[in-house]
file work22.tsv (TSV, C-alpha atoms)
chain	number	residue	atom	x	y	z
Z	1	MET	CA	20.53	-33.75	-27.33
Z	2	ARG	CA	21.24	-37.31	-28.54
Z	3	ARG	CA	24.29	-39.58	-28.33
Z	4	LYS	CA	25.05	-42.58	-30.45
Z	5	ASP	CA	24.69	-46.02	-28.81
Z	6	THR	CA	28.02	-47.74	-29.42
Z	7	HIS	CA	26.30	-51.15	-29.06
Z	8	GLY	CA	24.09	-50.53	-32.12
Z	9	ALA	CA	20.84	-49.87	-30.28
Z	10	GLY	CA	20.33	-46.59	-32.12
Z	11	ASP	CA	20.21	-43.05	-30.86
Z	12	VAL	CA	19.65	-42.60	-27.13
Z	13	LYS	CA	18.25	-39.38	-25.57
Z	14	THR	CA	20.35	-37.70	-22.95
Z	15	ARG	CA	19.48	-34.71	-20.79
Z	16	GLY	CA	21.08	-31.38	-21.60
Z	17	PRO	CA	22.21	-28.95	-18.95
Z	18	ARG	CA	19.42	-27.67	-16.71
Z	19	SER	CA	18.46	-24.05	-17.04
Z	20	SER	CA	19.58	-22.02	-14.06
Z	21	LYS	CA	16.70	-19.58	-14.55
Z	22	ALA	CA	14.02	-20.15	-11.92
Z	23	PRO	CA	10.37	-19.61	-12.85
Z	24	THR	CA	9.83	-17.51	-9.74
Z	25	ALA	CA	10.95	-13.97	-8.95
Z	26	GLU	CA	14.63	-13.15	-8.67
Z	27	PRO	CA	16.17	-13.76	-5.20
Z	28	ARG	CA	16.55	-10.06	-4.34
Z	29	GLU	CA	12.91	-9.43	-5.22
Z	30	ARG	CA	11.69	-12.45	-3.24
Z	31	ILE	CA	13.76	-11.36	-0.24
Z	32	LEU	CA	12.22	-7.88	-0.38
Z	33	GLN	CA	8.71	-9.32	-0.72
Z	34	GLU	CA	9.07	-11.60	2.29
Z	35	ALA	CA	10.83	-8.96	4.40
Z	36	THR	CA	8.03	-6.51	3.63
Z	37	ARG	CA	5.39	-9.09	4.56
Z	38	LEU	CA	7.11	-9.97	7.84
Z	39	ILE	CA	7.63	-6.32	8.81
Z	40	ALA	CA	3.94	-5.69	8.10
Z	41	GLN	CA	2.98	-8.61	10.36
Z	42	ARG	CA	5.43	-8.16	13.23
Z	43	GLY	CA	7.37	-4.92	12.89
Z	44	PHE	CA	11.06	-4.69	12.02
Z	45	GLY	CA	12.17	-5.08	15.64
Z	46	ALA	CA	10.57	-8.52	15.87
Z	47	ILE	CA	12.18	-10.15	12.82
Z	48	SER	CA	15.65	-11.47	12.14
Z	49	VAL	CA	17.68	-12.23	9.04
Z	50	ASN	CA	17.00	-15.92	9.71
Z	51	ASP	CA	13.25	-15.29	9.72
Z	52	VAL	CA	13.40	-13.70	6.28
Z	53	ALA	CA	15.75	-16.36	4.90
Z	54	GLN	CA	13.45	-19.16	6.08
Z	55	ALA	CA	10.41	-17.41	4.56
Z	56	VAL	CA	12.22	-17.14	1.21
Z	57	GLY	CA	13.58	-20.68	1.43
Z	58	ILE	CA	17.27	-19.80	1.28
Z	59	SER	CA	20.16	-19.85	3.72
Z	60	LYS	CA	21.14	-16.93	5.88
Z	61	GLN	CA	24.44	-16.70	3.99
Z	62	ALA	CA	22.59	-16.50	0.66
Z	63	LEU	CA	20.46	-13.64	1.96
Z	64	LEU	CA	23.49	-11.78	3.29
Z	65	TYR	CA	25.07	-12.07	-0.17
Z	66	HIS	CA	22.29	-9.80	-1.47
Z	67	TYR	CA	21.83	-7.66	1.67
Z	68	PRO	CA	24.97	-7.62	3.84
Z	69	SER	CA	23.18	-6.76	7.09
Z	70	ARG	CA	19.77	-6.63	8.73
Z	71	GLU	CA	19.88	-2.83	8.56
Z	72	ALA	CA	20.67	-2.91	4.84
Z	73	LEU	CA	17.60	-5.09	4.29
Z	74	HIS	CA	15.49	-2.67	6.33
Z	75	GLU	CA	16.69	0.27	4.23
Z	76	ALA	CA	15.97	-1.66	1.03
Z	77	VAL	CA	12.37	-2.35	2.11
Z	78	VAL	CA	11.73	1.34	2.85
Z	79	ALA	CA	13.47	2.42	-0.36
Z	80	SER	CA	11.30	-0.01	-2.31
Z	81	LEU	CA	8.14	1.52	-0.82
Z	82	VAL	CA	9.34	5.02	-1.69
Z	83	GLU	CA	10.11	3.97	-5.26
Z	84	HIS	CA	6.69	2.34	-5.53
Z	85	SER	CA	4.98	5.52	-4.31
Z	86	ASN	CA	6.92	7.71	-6.73
Z	87	ARG	CA	5.83	5.56	-9.69
Z	88	HIS	CA	2.20	6.08	-8.70
Z	89	LEU	CA	2.71	9.80	-8.14
Z	90	LEU	CA	2.79	10.37	-11.90
Z	91	LEU	CA	-0.58	8.62	-12.21
Z	92	LEU	CA	-1.93	10.59	-9.28
Z	93	LEU	CA	-0.92	13.83	-10.99
Z	94	GLY	CA	-3.18	12.96	-13.90
Z	95	ALA	CA	-6.09	12.30	-11.53
Z	96	PHE	CA	-6.22	15.92	-10.35
Z	97	THR	CA	-8.07	17.34	-13.33
Z	98	GLY	CA	-11.72	18.26	-13.68
Z	99	LYS	CA	-14.21	19.04	-10.92
Z	100	GLY	CA	-13.51	18.57	-7.24
Z	101	GLU	CA	-15.59	15.44	-6.62
Z	102	GLU	CA	-14.30	13.90	-9.86
Z	103	ARG	CA	-10.74	14.61	-8.77
Z	104	LEU	CA	-11.37	12.84	-5.47
Z	105	GLU	CA	-12.81	9.77	-7.18
Z	106	ARG	CA	-9.88	9.51	-9.59
Z	107	ALA	CA	-7.32	10.17	-6.86
Z	108	MET	CA	-8.96	7.54	-4.64
Z	109	GLY	CA	-8.75	5.10	-7.53
Z	110	GLN	CA	-5.00	5.68	-7.84
Z	111	ILE	CA	-4.50	5.39	-4.09
Z	112	ARG	CA	-6.43	2.11	-4.05
Z	113	GLN	CA	-4.30	0.83	-6.92
Z	114	PHE	CA	-1.15	1.79	-5.00
Z	115	PHE	CA	-2.15	-0.21	-1.92
Z	116	ASP	CA	-3.67	-3.08	-3.93
Z	117	THR	CA	-0.46	-3.67	-5.89
Z	118	ASP	CA	1.54	-3.65	-2.66
Z	119	PRO	CA	-0.93	-4.94	-0.04
Z	120	HIS	CA	1.59	-4.76	2.83
Z	121	ALA	CA	2.65	-1.15	2.14
Z	122	ALA	CA	0.14	0.58	4.42
Z	123	ARG	CA	0.96	-1.61	7.43
Z	124	VAL	CA	4.71	-1.27	6.91
Z	125	ILE	CA	4.45	2.53	6.66
Z	126	LEU	CA	2.25	2.67	9.77
Z	127	ARG	CA	4.63	0.44	11.73
Z	128	GLU	CA	7.64	2.50	10.69
Z	129	LEU	CA	5.94	5.68	11.87
Z	130	LEU	CA	4.96	4.08	15.19
Z	131	ASP	CA	8.39	2.48	15.74
Z	132	GLY	CA	9.99	5.89	15.38
Z	133	ASP	CA	13.26	4.94	13.68
Z	134	ARG	CA	14.36	8.45	12.75
Z	135	ALA	CA	16.40	7.46	9.73
Z	136	GLN	CA	13.60	5.39	8.19
Z	137	VAL	CA	10.90	7.92	9.08
Z	138	ALA	CA	12.99	10.62	7.40
Z	139	ARG	CA	13.40	8.42	4.32
Z	140	LEU	CA	9.65	7.81	4.17
Z	141	SER	CA	8.92	11.50	4.70
Z	142	ARG	CA	11.12	12.44	1.77
Z	143	GLY	CA	9.38	9.82	-0.34
Z	144	VAL	CA	5.80	10.92	0.39
Z	145	GLU	CA	6.51	14.66	0.46
Z	146	PRO	CA	5.67	15.11	-3.27
Z	147	TRP	CA	2.30	13.43	-2.66
Z	148	LEU	CA	1.54	15.67	0.32
Z	149	ARG	CA	2.57	18.87	-1.47
Z	150	LEU	CA	0.48	17.93	-4.49
Z	151	MET	CA	-2.59	17.35	-2.34
Z	152	ALA	CA	-2.12	20.53	-0.31
Z	153	ASP	CA	-1.68	22.61	-3.48
Z	154	THR	CA	-4.79	20.99	-4.96
Z	155	LEU	CA	-6.83	21.87	-1.86
Z	156	ARG	CA	-5.55	25.45	-1.98
Z	157	GLN	CA	-6.51	25.70	-5.65
Z	158	GLY	CA	-9.94	24.29	-4.80
Z	159	GLN	CA	-10.40	26.97	-2.16
Z	160	HIS	CA	-9.74	29.64	-4.81
Z	161	GLU	CA	-12.22	27.92	-7.14
Z	162	GLY	CA	-14.87	27.80	-4.42
Z	163	HIS	CA	-15.48	24.06	-4.02
Z	164	ILE	CA	-13.11	23.41	-1.09
Z	165	ARG	CA	-14.07	24.81	2.31
Z	166	LEU	CA	-12.24	28.07	2.95
Z	167	GLU	CA	-11.80	27.43	6.68
Z	168	LEU	CA	-9.65	24.36	6.01
Z	169	ASP	CA	-5.92	24.46	6.68
Z	170	PRO	CA	-4.68	22.64	3.53
Z	171	GLU	CA	-1.59	21.07	5.11
Z	172	ALA	CA	-3.42	19.98	8.28
Z	173	ALA	CA	-6.31	18.65	6.19
Z	174	VAL	CA	-3.90	16.58	4.11
Z	175	ALA	CA	-2.41	15.15	7.32
Z	176	HIS	CA	-5.87	14.18	8.61
Z	177	VAL	CA	-6.97	12.64	5.30
Z	178	GLY	CA	-3.64	10.84	4.96
Z	179	THR	CA	-3.98	9.36	8.44
Z	180	LEU	CA	-7.51	8.19	7.66
Z	181	LEU	CA	-6.43	6.54	4.40
Z	182	LEU	CA	-3.29	4.96	5.86
Z	183	THR	CA	-5.03	3.43	8.89
Z	184	THR	CA	-7.98	2.27	6.78
Z	185	PHE	CA	-5.81	0.40	4.27
Z	186	ALA	CA	-3.53	-0.91	7.03
Z	187	LEU	CA	-6.40	-2.38	9.04
Z	188	LEU	CA	-8.62	-3.65	6.20
Z	189	PRO	CA	-6.94	-7.11	6.02
Z	190	LEU	CA	-7.35	-7.53	9.78
Z	191	GLU	CA	-10.97	-6.60	10.31
Z	192	GLY	CA	-14.38	-7.65	9.11
Z	193	TRP	CA	-18.03	-7.64	9.98
Z	194	THR	CA	-20.06	-10.67	11.02
Z	195	GLY	CA	-22.15	-11.99	8.15
Z	196	VAL	CA	-20.47	-9.79	5.53
Z	197	SER	CA	-17.96	-11.12	2.99
Z	198	ASP	CA	-14.48	-9.63	2.95
Z	199	ALA	CA	-14.99	-8.21	-0.55
Z	200	GLU	CA	-18.30	-6.53	0.34
Z	201	TRP	CA	-16.91	-5.17	3.60
Z	202	ARG	CA	-13.91	-3.72	1.81
Z	203	GLU	CA	-16.12	-1.86	-0.67
Z	204	ARG	CA	-18.41	-0.58	2.06
Z	205	ARG	CA	-15.48	0.64	4.18
Z	206	LEU	CA	-13.76	2.38	1.27
Z	207	GLY	CA	-17.04	3.86	0.05
Z	208	GLU	CA	-17.63	5.33	3.48
Z	209	VAL	CA	-14.10	6.74	3.54
Z	210	VAL	CA	-14.80	8.57	0.27
Z	211	ARG	CA	-18.02	10.01	1.68
Z	212	ILE	CA	-16.26	11.15	4.85
Z	213	ILE	CA	-13.54	12.89	2.85
Z	214	GLU	CA	-16.10	14.51	0.53
Z	215	ARG	CA	-18.05	15.98	3.43
Z	216	TYR	CA	-14.89	17.11	5.16
Z	217	LEU	CA	-13.33	18.85	2.17
Z	218	PHE	CA	-16.01	20.06	-0.21
Z	219	THR	CA	-18.46	22.91	0.14
Z	220	HIS	CA	-21.17	20.94	-1.68
Z	221	ALA	CA	-20.42	17.24	-1.25
Z	222	SER	CA	-22.37	14.88	-3.45
Z	223	PRO	CA	-24.67	12.48	-1.58
Z	224	GLY	CA	-23.04	9.44	-3.22
Z	225	PRO	CA	-24.67	6.12	-3.95
Z	226	GLU	CA	-27.06	4.67	-1.44
Z	227	GLY	CA	-25.57	1.83	0.54
Z	228	PRO	CA	-27.39	-1.19	1.92
Z	229	ALA	CA	-30.33	-0.38	4.16
Z	230	ARG	CA	-29.33	-0.12	7.78
Z	231	PRO	CA	-31.61	-0.95	10.69
Z	232	ALA	CA	-32.91	2.08	12.52
Z	233	SER	CA	-31.56	2.63	16.00
Z	234	PRO	CA	-34.19	2.04	18.68
Z	235	ARG	CA	-35.39	5.26	20.23
Z	236	ARG	CA	-35.76	5.63	23.94
Z	237	GLN	CA	-39.31	6.51	24.89
Z	238	THR	CA	-39.80	9.25	27.42
Z	239	LYS	CA	-42.91	10.04	29.35

call {"tool": "encode", "arguments": {"input": "work22.tsv", "output": "structure tokens"}}
result
Amino acid sequence: MRRKDTHGAGDVKTRGPRSSKAPTAEPRERILQEATRLIAQRGFGAISVNDVAQAVGISKQALLYHYPSREALHEAVVASLVEHSNRHLLLLLGAFTGKGEERLERAMGQIRQFFDTDPHAARVILRELLDGDRAQVARLSRGVEPWLRLMADTLRQGQHEGHIRLELDPEAAVAHVGTLLLTTFALLPLEGWTGVSDAEWRERRLGEVVRIIERYLFTHASPGPEGPARPASPRRQTK
């Protein structure tokens, strides 16, 4: 706005009130993001409210205004992961149409999107399972149960249609595949291969995961695209 110069120098610009709206995420969202990242890195038992507050750039009192205790923050992180998974469940439902191998490709695409949009989710879930907090494990179990039931029912339907191996136990197979996917996505940011870029290694790892799952589940697994040529293992000569 402008104010009139009483000494006749003309109009003089003055600053209006500053907007209180920050260009970054809202405080509650930023607190959840940093808490999730720290839990993924260290585990919940190794972080404090002060650690999260410092990561966000606010005081401990400001954090406690939004989450009144360390346990409340922990519950909010787990609840956020469950909510995130439930949003993707609807997309995953649409992936299970068509032929078996096509279903797997579409489902894998949705699972990749889930972990890509929340890159710390896999490590947090894995840590929660290993830490064994019964309340949080139960909360996670309730959150992922619709995913697991959907996958088990899909495998059972595939057995009736003839493209899923009949000898498979659908529920146990889902547990094995889920463990493979969870550990793969949890460890991807931490591992690599000498001389291979992170992006290439990620695609190779995930491509191999798809091939493993195809051969485990399907009666006639597709060979899949050829990967980079691998050196042949030296053979031991015998006389």

call {"tool": "closest_residue", "arguments": {"input": "work22.tsv", "among": "Z:Gln61, Z:Thr184, Z:Asn86, Z:Gln110", "to": "Val144 in chain Z", "atoms": "only C-alpha atoms"}}
result
Z:Asn86

call {"tool": "residues_around", "arguments": {"input": "work22.tsv", "residues": "Trp147 in chain Z", "least_positions_apart": "2", "cutoff": "12 Å", "atoms": "all atoms listed in the file", "output": "VMD selection string"}}
result
chain Z and resid 82 85 to 93 96 107 110 to 111 140 to 145 149 to 154 171 174 to 175 178

call {"tool": "residues_around", "arguments": {"input": "work22.tsv", "residues": "Asp118 in chain Z", "least_positions_apart": "3", "cutoff": "10 Å", "atoms": "only C-alpha atoms", "output": "JSON, numbers by chain"}}
result
{"Z": [33, 36, 37, 81, 84, 85, 112, 113, 114, 115, 121, 122]}

call {"tool": "residues_around", "arguments": {"input": "work22.tsv", "residues": "Val49 in chain Z", "least_positions_apart": "6", "cutoff": "9 Å", "atoms": "only C-alpha atoms", "output": "NGL selection string"}}
result
:Z and (35 or 60 or 63-64 or 69-70 or 73)

call {"tool": "closest_atom_pairs", "arguments": {"input": "work22.tsv", "of": "range 51-149 of chain Z", "to": "range 196-208 of chain Z", "cutoff": "12 Å", "atoms": "only C-alpha atoms", "output": "tab-separated table"}}
result
residue	atom	partner	partner_atom	distance
Z:Leu104	CA	Z:Gly207	CA	12.0
Z:Glu105	CA	Z:Gly207	CA	10.3
Z:Met108	CA	Z:Leu206	CA	9.2
Z:Gly109	CA	Z:Leu206	CA	10.5
Z:Ile111	CA	Z:Leu206	CA	11.1
Z:Arg112	CA	Z:Leu206	CA	9.1
Z:Asp116	CA	Z:Arg202	CA	11.8

call {"tool": "closest_residue", "arguments": {"input": "work22.tsv", "among": "Z:Leu190, Z:Ala172, Z:Leu130, Z:Leu180", "to": "Gly45 in chain Z", "atoms": "only C-alpha atoms"}}
result
Z:Leu130

call {"tool": "closest_residue", "arguments": {"input": "work22.tsv", "among": "Z:His176, Z:Arg42, Z:Arg30, Z:His163", "to": "Leu148 in chain Z", "atoms": "only C-alpha atoms"}}
result
Z:His176

call {"tool": "residues_around", "arguments": {"input": "work22.tsv", "residues": "Leu182 in chain Z", "least_positions_apart": "3", "cutoff": "9 Å", "atoms": "all atoms listed in the file", "output": "list in words"}}
result
Ala122, Arg123, Ile125, Leu126, Val177, Gly178, Thr179, Phe185, Ala186 and Leu187 of chain Z

call {"tool": "closest_residue", "arguments": {"input": "work22.tsv", "among": "Z:Ser80, Z:Tyr67, Z:Arg106, Z:Glu34", "to": "Asp51 in chain Z", "atoms": "all atoms listed in the file"}}
result
Z:Glu34

call {"tool": "closest_residue", "arguments": {"input": "work22.tsv", "among": "Z:Glu128, Z:Phe218, Z:Pro189, Z:Glu83", "to": "Ile39 in chain Z", "atoms": "all atoms listed in the file"}}
result
Z:Glu128

call {"tool": "atom_distance", "arguments": {"input": "work22.tsv", "atom1": "CA of Gln41 in chain Z", "atom2": "CA of Gln54 in chain Z"}}
result
15.5 Å

call {"tool": "residues_around", "arguments": {"input": "work22.tsv", "residues": "Gln159 in chain Z", "least_positions_apart": "5", "cutoff": "12 Å", "atoms": "only C-alpha atoms", "output": "NGL selection string"}}
result
:Z and (100 or 152-154 or 164-170 or 217-219)

call {"tool": "atom_distance", "arguments": {"input": "work22.tsv", "atom1": "CA of Gln157 in chain Z", "atom2": "CA of Val209 in chain Z"}}
result
22.4 Å

call {"tool": "atom_distance", "arguments": {"input": "work22.tsv", "atom1": "CA of Ile47 in chain Z", "atom2": "CA of Glu71 in chain Z"}}
result
11.4 Å
